$ cat model-v6.txt   # compact mmCIF, C-alpha atoms
# COMPACT_ATOMS: atom_id res chain seq x y z
CA MET A 1 38.27 -40.56 42.25
CA ASP A 2 35.90 -41.58 45.00
CA LEU A 3 35.00 -37.91 45.49
CA ILE A 4 34.18 -37.53 41.77
CA GLN A 5 32.00 -40.65 41.84
CA ARG A 6 30.17 -39.47 44.94
CA TYR A 7 29.62 -35.99 43.41
CA SER A 8 28.28 -37.55 40.23
CA GLY A 9 26.00 -39.77 42.20
CA ASP A 10 24.72 -36.88 44.26
CA SER A 11 24.05 -34.84 41.09
CA ASP A 12 21.99 -37.65 39.54
CA SER A 13 19.94 -38.07 42.67
CA GLU A 14 19.24 -34.32 42.87
CA HIS A 15 18.11 -34.36 39.20
CA ASP A 16 15.76 -37.28 39.89
CA GLU A 17 14.33 -35.49 42.91
CA SER A 18 13.76 -32.27 40.90
CA GLU A 19 11.89 -34.22 38.22
CA GLN A 20 9.69 -35.77 40.87
CA LYS A 21 8.95 -32.31 42.34
CA MET A 22 7.88 -30.77 38.97
CA LEU A 23 4.16 -30.01 38.94
CA PRO A 24 2.12 -31.13 35.93
CA LEU A 25 1.05 -28.35 33.52
CA PRO A 26 -2.61 -27.49 34.08
CA LYS A 27 -4.80 -28.86 31.31
CA ALA A 28 -6.36 -25.45 30.65
CA ILE A 29 -2.95 -24.00 29.80
CA ALA A 30 -1.74 -27.07 27.91
CA THR A 31 -4.72 -26.90 25.55
CA MET A 32 -4.91 -23.10 25.33
CA PHE A 33 -3.11 -22.86 21.96
CA ASP A 34 -3.68 -26.44 20.81
CA GLY A 35 -4.20 -26.31 17.05
CA LYS A 36 -4.75 -22.54 17.09
CA LEU A 37 -2.75 -19.75 15.46
CA TYR A 38 -1.38 -17.28 17.97
CA HIS A 39 -1.77 -14.50 15.36
CA PRO A 40 -4.60 -15.71 13.10
CA LYS A 41 -4.83 -14.17 9.62
CA PRO A 42 -7.80 -11.87 9.18
CA ASP A 43 -10.59 -13.12 6.96
CA ASP A 44 -10.76 -11.47 3.57
CA LYS A 45 -14.37 -10.31 3.49
CA PRO A 46 -15.06 -8.33 0.30
CA ASP A 47 -18.54 -7.41 1.57
CA SER A 48 -16.97 -5.36 4.36
CA HIS A 49 -15.06 -3.13 1.91
CA GLN A 50 -17.38 -2.58 -1.05
CA GLY A 51 -16.63 -5.91 -2.75
CA ARG A 52 -12.92 -5.24 -3.23
CA THR A 53 -10.51 -8.18 -3.07
CA ARG A 54 -6.87 -8.16 -2.02
CA LEU A 55 -4.17 -8.26 -4.69
CA PHE A 56 -2.01 -10.20 -2.21
CA GLU A 57 -2.70 -12.17 0.95
CA HIS A 58 -2.51 -10.32 4.26
CA GLU A 59 0.24 -11.53 6.57
CA ARG A 60 1.21 -10.15 9.96
CA GLY A 61 4.25 -7.86 9.66
CA ASN A 62 3.65 -7.11 5.96
CA TRP A 63 2.64 -3.54 5.14
CA ALA A 64 1.00 -2.51 1.85
CA THR A 65 3.06 0.43 0.59
CA TYR A 66 2.99 2.91 -2.28
CA VAL A 67 4.30 6.37 -3.19
CA TYR A 68 2.10 9.00 -4.82
CA VAL A 69 1.40 12.63 -5.68
CA PRO A 70 -1.32 13.91 -3.31
CA CYS A 71 -4.14 16.00 -4.74
CA PRO A 72 -5.86 18.90 -2.95
CA ASP A 73 -9.55 19.70 -3.32
CA MET A 74 -10.31 20.85 -6.88
CA ASP A 75 -13.55 22.00 -8.52
CA LEU A 76 -12.66 19.88 -11.56
CA ILE A 77 -12.64 16.68 -9.50
CA GLU A 78 -15.73 17.60 -7.50
CA ILE A 79 -17.76 18.18 -10.68
CA ILE A 80 -16.83 14.83 -12.23
CA GLN A 81 -17.20 12.85 -9.01
CA GLU A 82 -20.72 14.19 -8.53
CA LYS A 83 -21.72 13.00 -12.02
CA LEU A 84 -20.02 9.62 -11.59
CA SER A 85 -21.74 9.10 -8.26
CA GLU A 86 -25.08 9.64 -9.99
CA CYS A 87 -24.06 6.88 -12.43
CA GLY A 88 -23.54 4.47 -9.53
CA LEU A 89 -19.74 4.53 -9.33
CA GLU A 90 -17.84 4.57 -6.04
CA ILE A 91 -16.01 7.83 -5.34
CA ILE A 92 -12.33 7.86 -4.39
CA GLU A 93 -12.10 10.01 -1.27
CA HIS A 94 -8.43 10.94 -1.61
CA PRO A 95 -7.50 11.05 -5.32
CA HIS A 96 -3.79 10.82 -6.11
CA ILE A 97 -1.31 10.03 -8.87
CA SER A 98 0.50 6.75 -8.19
CA LEU A 99 4.26 6.65 -8.72
CA THR A 100 4.80 3.04 -7.60
CA LYS A 101 2.77 -0.13 -7.58
CA THR A 102 1.40 -1.24 -4.21
CA VAL A 103 4.18 -3.42 -2.80
CA VAL A 104 4.57 -5.45 0.38
CA LEU A 105 7.07 -4.04 2.85
CA GLN A 106 8.31 -5.81 5.97
CA TYR A 107 7.71 -3.77 9.11
CA HIS A 108 11.40 -3.69 10.09
CA TRP A 109 12.28 -2.24 6.66
CA ILE A 110 9.96 0.77 6.87
CA GLN A 111 12.20 3.41 8.43
CA ARG A 112 15.18 2.52 6.25
CA PHE A 113 12.92 2.44 3.18
CA ILE A 114 11.55 5.91 4.00
CA ASN A 115 15.06 7.28 4.52
CA ASP A 116 16.18 5.84 1.17
CA ILE A 117 13.22 7.42 -0.64
CA LYS A 118 13.89 10.77 1.01
CA SER A 119 17.49 10.61 -0.19
CA LYS A 120 16.55 9.74 -3.79
CA LEU A 121 13.87 12.44 -4.02
CA SER A 122 16.14 15.15 -2.61
CA THR A 123 17.12 16.29 -6.13
CA ILE A 124 13.56 16.50 -7.50
CA LEU A 125 12.34 20.06 -8.03
CA ARG A 126 8.78 21.21 -7.44
CA PHE A 127 6.64 20.95 -10.55
CA THR A 128 3.15 21.45 -11.93
CA VAL A 129 0.87 18.67 -13.19
CA THR A 130 -1.87 19.32 -15.73
CA LEU A 131 -4.93 17.06 -15.64
CA GLY A 132 -5.94 16.19 -19.19
CA ASN A 133 -8.79 14.15 -20.65
CA LEU A 134 -10.71 11.46 -18.81
CA GLU A 135 -9.59 7.89 -19.40
CA ILE A 136 -10.57 4.35 -18.36
CA PHE A 137 -8.18 2.08 -16.46
CA CYS A 138 -8.37 -1.48 -15.09
CA ASN A 139 -6.25 -2.87 -12.27
CA GLU A 140 -3.89 -5.80 -12.89
CA ASN A 141 -6.38 -8.59 -12.19
CA CYS A 142 -9.30 -6.71 -13.80
CA SER A 143 -11.26 -6.86 -10.55
CA ARG A 144 -11.94 -3.10 -10.68
CA THR A 145 -12.33 -0.39 -13.32
CA PHE A 146 -11.36 3.22 -12.71
CA ILE A 147 -12.14 6.56 -14.34
CA GLY A 148 -9.45 9.20 -14.01
CA PHE A 149 -7.72 12.18 -15.60
CA LEU A 150 -4.51 11.71 -17.55
CA ALA A 151 -1.63 13.53 -15.82
CA GLU A 152 1.04 15.47 -17.68
CA PRO A 153 3.90 16.12 -18.26
CA ALA A 154 4.93 12.47 -18.21
CA GLU A 155 8.63 13.40 -18.33
CA VAL A 156 8.62 14.95 -14.85
CA LEU A 157 6.57 12.15 -13.32
CA SER A 158 8.85 9.59 -15.00
CA GLU A 159 11.84 11.27 -13.35
CA CYS A 160 10.21 10.62 -9.97
CA VAL A 161 9.48 7.01 -10.92
CA ASP A 162 13.09 6.43 -12.00
CA GLN A 163 14.36 7.49 -8.58
CA LEU A 164 11.75 5.42 -6.76
CA ASP A 165 12.48 2.36 -8.91
CA LYS A 166 16.09 2.46 -7.71
CA VAL A 167 14.91 2.15 -4.11
CA LEU A 168 12.43 -0.61 -4.97
CA SER A 169 15.21 -2.59 -6.68
CA ASP A 170 17.34 -2.42 -3.54
CA TYR A 171 14.53 -4.18 -1.67
CA ASN A 172 13.76 -6.66 -4.48
CA LEU A 173 10.32 -5.09 -4.92
CA GLN A 174 8.41 -4.62 -8.17
CA LYS A 175 9.22 -1.53 -10.19
CA TYR A 176 6.50 0.64 -11.69
CA TYR A 177 5.00 -0.14 -15.10
CA GLU A 178 7.01 0.39 -18.26
CA ASN A 179 5.68 3.31 -20.31
CA PRO A 180 2.98 4.09 -17.75
CA LYS A 181 -0.07 6.26 -18.34
CA PHE A 182 0.09 8.56 -15.35
CA HIS A 183 -3.37 9.40 -14.11
CA LEU A 184 -5.45 10.59 -11.19
CA SER A 185 -8.36 8.24 -10.56
CA VAL A 186 -11.57 9.76 -9.21
CA ALA A 187 -14.05 6.86 -9.15
CA TRP A 188 -14.27 3.09 -9.58
CA CYS A 189 -16.59 0.11 -9.99
CA LEU A 190 -16.22 -3.66 -9.65
CA GLY A 191 -15.15 -5.85 -12.57
CA ASP A 192 -13.95 -4.88 -16.03
CA GLN A 193 -16.52 -2.30 -17.12
CA SER A 194 -14.18 -0.42 -19.47
CA SER A 195 -16.27 -0.79 -22.64
CA GLN A 196 -19.49 0.37 -20.92
CA LEU A 197 -17.83 3.33 -19.20
CA ARG A 198 -15.94 4.49 -22.29
CA THR A 199 -19.24 5.51 -23.89
CA LYS A 200 -19.82 8.00 -21.05
CA LEU A 201 -16.50 9.86 -21.37
CA LYS A 202 -17.58 12.43 -23.96
CA SER A 203 -20.72 13.41 -22.07
CA LEU A 204 -18.69 13.70 -18.86
CA GLU A 205 -16.16 16.00 -20.50
CA LEU A 206 -19.03 18.28 -21.56
CA GLU A 207 -19.93 18.74 -17.88
CA ILE A 208 -16.62 20.53 -17.31
CA GLU A 209 -16.88 24.26 -17.93
CA VAL A 210 -14.29 25.93 -20.13
CA GLY A 211 -11.70 27.60 -17.93
CA THR A 212 -12.01 25.19 -15.00
CA CYS A 213 -8.57 24.89 -13.40
CA ARG A 214 -6.76 21.68 -14.36
CA SER A 215 -3.36 22.55 -12.84
CA LEU A 216 -1.96 20.92 -9.73
CA LYS A 217 1.15 22.38 -8.08
CA VAL A 218 3.27 19.61 -6.62
CA ASP A 219 5.55 20.59 -3.73
CA LYS A 220 5.67 17.21 -2.01
CA LEU A 221 5.26 13.48 -2.60
CA MET A 222 3.84 11.05 -0.07
CA CYS A 223 4.24 7.41 0.94
CA LYS A 224 1.50 5.38 2.60
CA THR A 225 2.60 2.20 4.33
CA GLY A 226 -0.07 0.40 6.34
CA ASN A 227 -1.78 3.12 8.39
CA LYS A 228 1.21 5.47 8.34
CA LYS A 229 1.88 8.38 5.96
CA TYR A 230 5.18 10.11 5.24
CA ASN A 231 5.79 13.43 3.44
CA PHE A 232 8.73 14.16 1.14
CA ASP A 233 9.10 17.89 0.50
CA LEU A 234 10.48 18.77 -2.92
CA VAL A 235 13.16 21.39 -3.48
$ encode --input "model-v6.txt" --output "structure tokens"
Amino acid sequence: MDLIQRYSGDSDSEHDESEQKMLPLPKAIATMFDGKLYHPKPDDKPDSHQGRTRLFEHERGNWATYVYVPCPDMDLIEIIQEKLSECGLEIIEHPHISLTKTVVLQYHWIQRFINDIKSKLSTILRFTVTLGNLEIFCNENCSRTFIGFLAEPAEVLSECVDQLDKVLSDYNLQKYYENPKFHLSVAWCLGDQSSQLRTKLKSLELEIEVGTCRSLKVDKLMCKTGNKKYNFDLV
């Protein structure tokens, strides 16, 4: 018993001595992160990206993600974009047909999400999209107005959406719109300018020469998540 008491006493004294030997934390280090975020959120500055505002707040580790039909260079699009640029609209550099809403994906979900999409799209056959008449569209919060071509046939595009919606549901993410109007946007402007732009549609259509190719062969779909892009080849 005496040995246990002496051991306990020695342990306490060693602990006291170690506390006395601990050096104080330098003030410069102690105050380095005082009241500061280690990973501060970036400022949302609309002026730095043509007045556009975020649909959701940026958070570290969250990646804006969407799936779409890519569009190659086409005379049809070039003609209309040139005219819309003259009208003061902003040109969309990489036009595409959206098949999902823009959703927020956690970084650690990305690879699994991509694999799940690849699996669901494995039964989709290659198809051809026809670009129809020009139409006006507004985004969900009416902060921007778009001009784009209606995309057909809706049945084939809806088949893609159905498969993608299954994946989105597994991750508790928003599905695509019900009864969507599939389209390929080519230009945009700030605010809800739909009524003003609608008056220009007929004159714009007249700029397109009869016989200009409106067909788009689709042999792959793509997903953009953050600054990464993934291809999904169709059968």
$ closest_residue --input "model-v6.txt" --among "A:Thr130, A:Gln193, A:Ser119, A:Ser85" --to "A:Leu216" --atoms "all atoms listed in the file"
A:Thr130
$ closest_residue --input "model-v6.txt" --among "A:Glu86, A:Glu152, A:Asp192, A:Glu159" --to "A:Asn133" --atoms "only C-alpha atoms"
A:Glu152
$ closest_residue --input "model-v6.txt" --among "A:Leu184, A:Val167, A:Ile208, A:Leu89" --to "A:Arg112" --atoms "only C-alpha atoms"
A:Val167
$ closest_atom_pairs --input "model-v6.txt" --of "stretch 159-232 of chain A" --to "stretch 135-151 of chain A" --cutoff "8 Å" --atoms "all atoms listed in the file" --output "CSV"
residue,atom,partner,partner_atom,distance
A:Lys181,CA,A:Leu150,CA,7.1
A:Phe182,CA,A:Ala151,CA,5.3
A:His183,CA,A:Leu150,CA,4.3
A:Leu184,CA,A:Gly148,CA,5.1
A:Ser185,CA,A:Gly148,CA,3.7
A:Val186,CA,A:Gly148,CA,5.3
A:Ala187,CA,A:Ile147,CA,5.5
A:Trp188,CA,A:Phe146,CA,4.3
A:Cys189,CA,A:Thr145,CA,5.4
A:Leu190,CA,A:Arg144,CA,4.4
A:Gly191,CA,A:Ser143,CA,4.5
A:Asp192,CA,A:Cys142,CA,5.5
A:Gln193,CA,A:Thr145,CA,6.0
A:Ser194,CA,A:Ile136,CA,6.1
A:Leu197,CA,A:Ile136,CA,7.4
A:Arg198,CA,A:Ile136,CA,6.7
A:Leu201,CA,A:Glu135,CA,7.5
$ closest_atom_pairs --input "model-v6.txt" --of "stretch 72-176 of chain A" --to "stretch 226-229 of chain A" --cutoff "10 Å" --atoms "only C-alpha atoms" --output "JSON lines"
{"residue": "A:Val104", "atom": "CA", "partner": "A:Gly226", "partner_atom": "CA", "distance": 9.6}
{"residue": "A:Leu105", "atom": "CA", "partner": "A:Gly226", "partner_atom": "CA", "distance": 9.1}
{"residue": "A:Tyr107", "atom": "CA", "partner": "A:Gly226", "partner_atom": "CA", "distance": 9.3}
$ write_last_selection --input "model-v6.txt" --atoms "C-alpha atoms" --output "PDB file, keeping the file's coordinate frame"
ATOM      1  CA  VAL A 104       4.570  -5.450   0.380  1.00  0.00           C
ATOM      2  CA  LEU A 105       7.070  -4.040   2.850  1.00  0.00           C
ATOM      3  CA  TYR A 107       7.710  -3.770   9.110  1.00  0.00           C
TER       4      TYR A 107
END
$ closest_residue --input "model-v6.txt" --among "A:Thr128, A:Gln81, A:Asn115, A:Thr212" --to "A:Leu164" --atoms "only C-alpha atoms"
A:Asn115
$ build_atoms --input "model-v6.txt" --residues "stretch 109-120 of chain A" --atoms "N, CA, C and O atoms" --output "PDB file, keeping the file's coordinate frame"
ATOM      1  N   TRP A 109      11.632  -2.961   7.756  1.00  0.00           N
ATOM      2  CA  TRP A 109      12.280  -2.240   6.660  1.00  0.00           C
ATOM      3  C   TRP A 109      11.787  -0.794   6.552  1.00  0.00           C
ATOM      4  O   TRP A 109      12.410   0.026   5.867  1.00  0.00           O
ATOM      5  N   ILE A 110      10.666  -0.485   7.168  1.00  0.00           N
ATOM      6  CA  ILE A 110       9.960   0.770   6.870  1.00  0.00           C
ATOM      7  C   ILE A 110      10.842   2.004   7.030  1.00  0.00           C
ATOM      8  O   ILE A 110      10.940   2.820   6.108  1.00  0.00           O
ATOM      9  N   GLN A 111      11.458   2.180   8.196  1.00  0.00           N
ATOM     10  CA  GLN A 111      12.200   3.410   8.430  1.00  0.00           C
ATOM     11  C   GLN A 111      13.371   3.553   7.460  1.00  0.00           C
ATOM     12  O   GLN A 111      13.630   4.646   6.934  1.00  0.00           O
ATOM     13  N   ARG A 112      14.072   2.456   7.209  1.00  0.00           N
ATOM     14  CA  ARG A 112      15.180   2.520   6.250  1.00  0.00           C
ATOM     15  C   ARG A 112      14.655   2.827   4.846  1.00  0.00           C
ATOM     16  O   ARG A 112      15.250   3.613   4.109  1.00  0.00           O
ATOM     17  N   PHE A 113      13.543   2.214   4.478  1.00  0.00           N
ATOM     18  CA  PHE A 113      12.920   2.440   3.180  1.00  0.00           C
ATOM     19  C   PHE A 113      12.553   3.916   3.016  1.00  0.00           C
ATOM     20  O   PHE A 113      12.840   4.540   1.981  1.00  0.00           O
ATOM     21  N   ILE A 114      11.942   4.503   4.028  1.00  0.00           N
ATOM     22  CA  ILE A 114      11.550   5.910   4.000  1.00  0.00           C
ATOM     23  C   ILE A 114      12.778   6.802   3.865  1.00  0.00           C
ATOM     24  O   ILE A 114      12.788   7.768   3.090  1.00  0.00           O
ATOM     25  N   ASN A 115      13.827   6.487   4.607  1.00  0.00           N
ATOM     26  CA  ASN A 115      15.060   7.280   4.520  1.00  0.00           C
ATOM     27  C   ASN A 115      15.674   7.199   3.124  1.00  0.00           C
ATOM     28  O   ASN A 115      16.177   8.208   2.593  1.00  0.00           O
ATOM     29  N   ASP A 116      15.625   6.016   2.513  1.00  0.00           N
ATOM     30  CA  ASP A 116      16.180   5.840   1.170  1.00  0.00           C
ATOM     31  C   ASP A 116      15.378   6.645   0.138  1.00  0.00           C
ATOM     32  O   ASP A 116      15.948   7.253  -0.780  1.00  0.00           O
ATOM     33  N   ILE A 117      14.059   6.640   0.272  1.00  0.00           N
ATOM     34  CA  ILE A 117      13.220   7.420  -0.640  1.00  0.00           C
ATOM     35  C   ILE A 117      13.510   8.907  -0.486  1.00  0.00           C
ATOM     36  O   ILE A 117      13.657   9.639  -1.474  1.00  0.00           O
ATOM     37  N   LYS A 118      13.595   9.352   0.752  1.00  0.00           N
ATOM     38  CA  LYS A 118      13.890  10.770   1.010  1.00  0.00           C
ATOM     39  C   LYS A 118      15.193  11.182   0.347  1.00  0.00           C
ATOM     40  O   LYS A 118      15.292  12.260  -0.250  1.00  0.00           O
ATOM     41  N   SER A 119      16.192  10.309   0.417  1.00  0.00           N
ATOM     42  CA  SER A 119      17.490  10.610  -0.190  1.00  0.00           C
ATOM     43  C   SER A 119      17.382  10.699  -1.714  1.00  0.00           C
ATOM     44  O   SER A 119      17.926  11.619  -2.333  1.00  0.00           O
ATOM     45  N   LYS A 120      16.669   9.764  -2.322  1.00  0.00           N
ATOM     46  CA  LYS A 120      16.550   9.740  -3.790  1.00  0.00           C
ATOM     47  C   LYS A 120      15.730  10.908  -4.319  1.00  0.00           C
ATOM     48  O   LYS A 120      15.986  11.402  -5.419  1.00  0.00           O
TER      49      LYS A 120
END
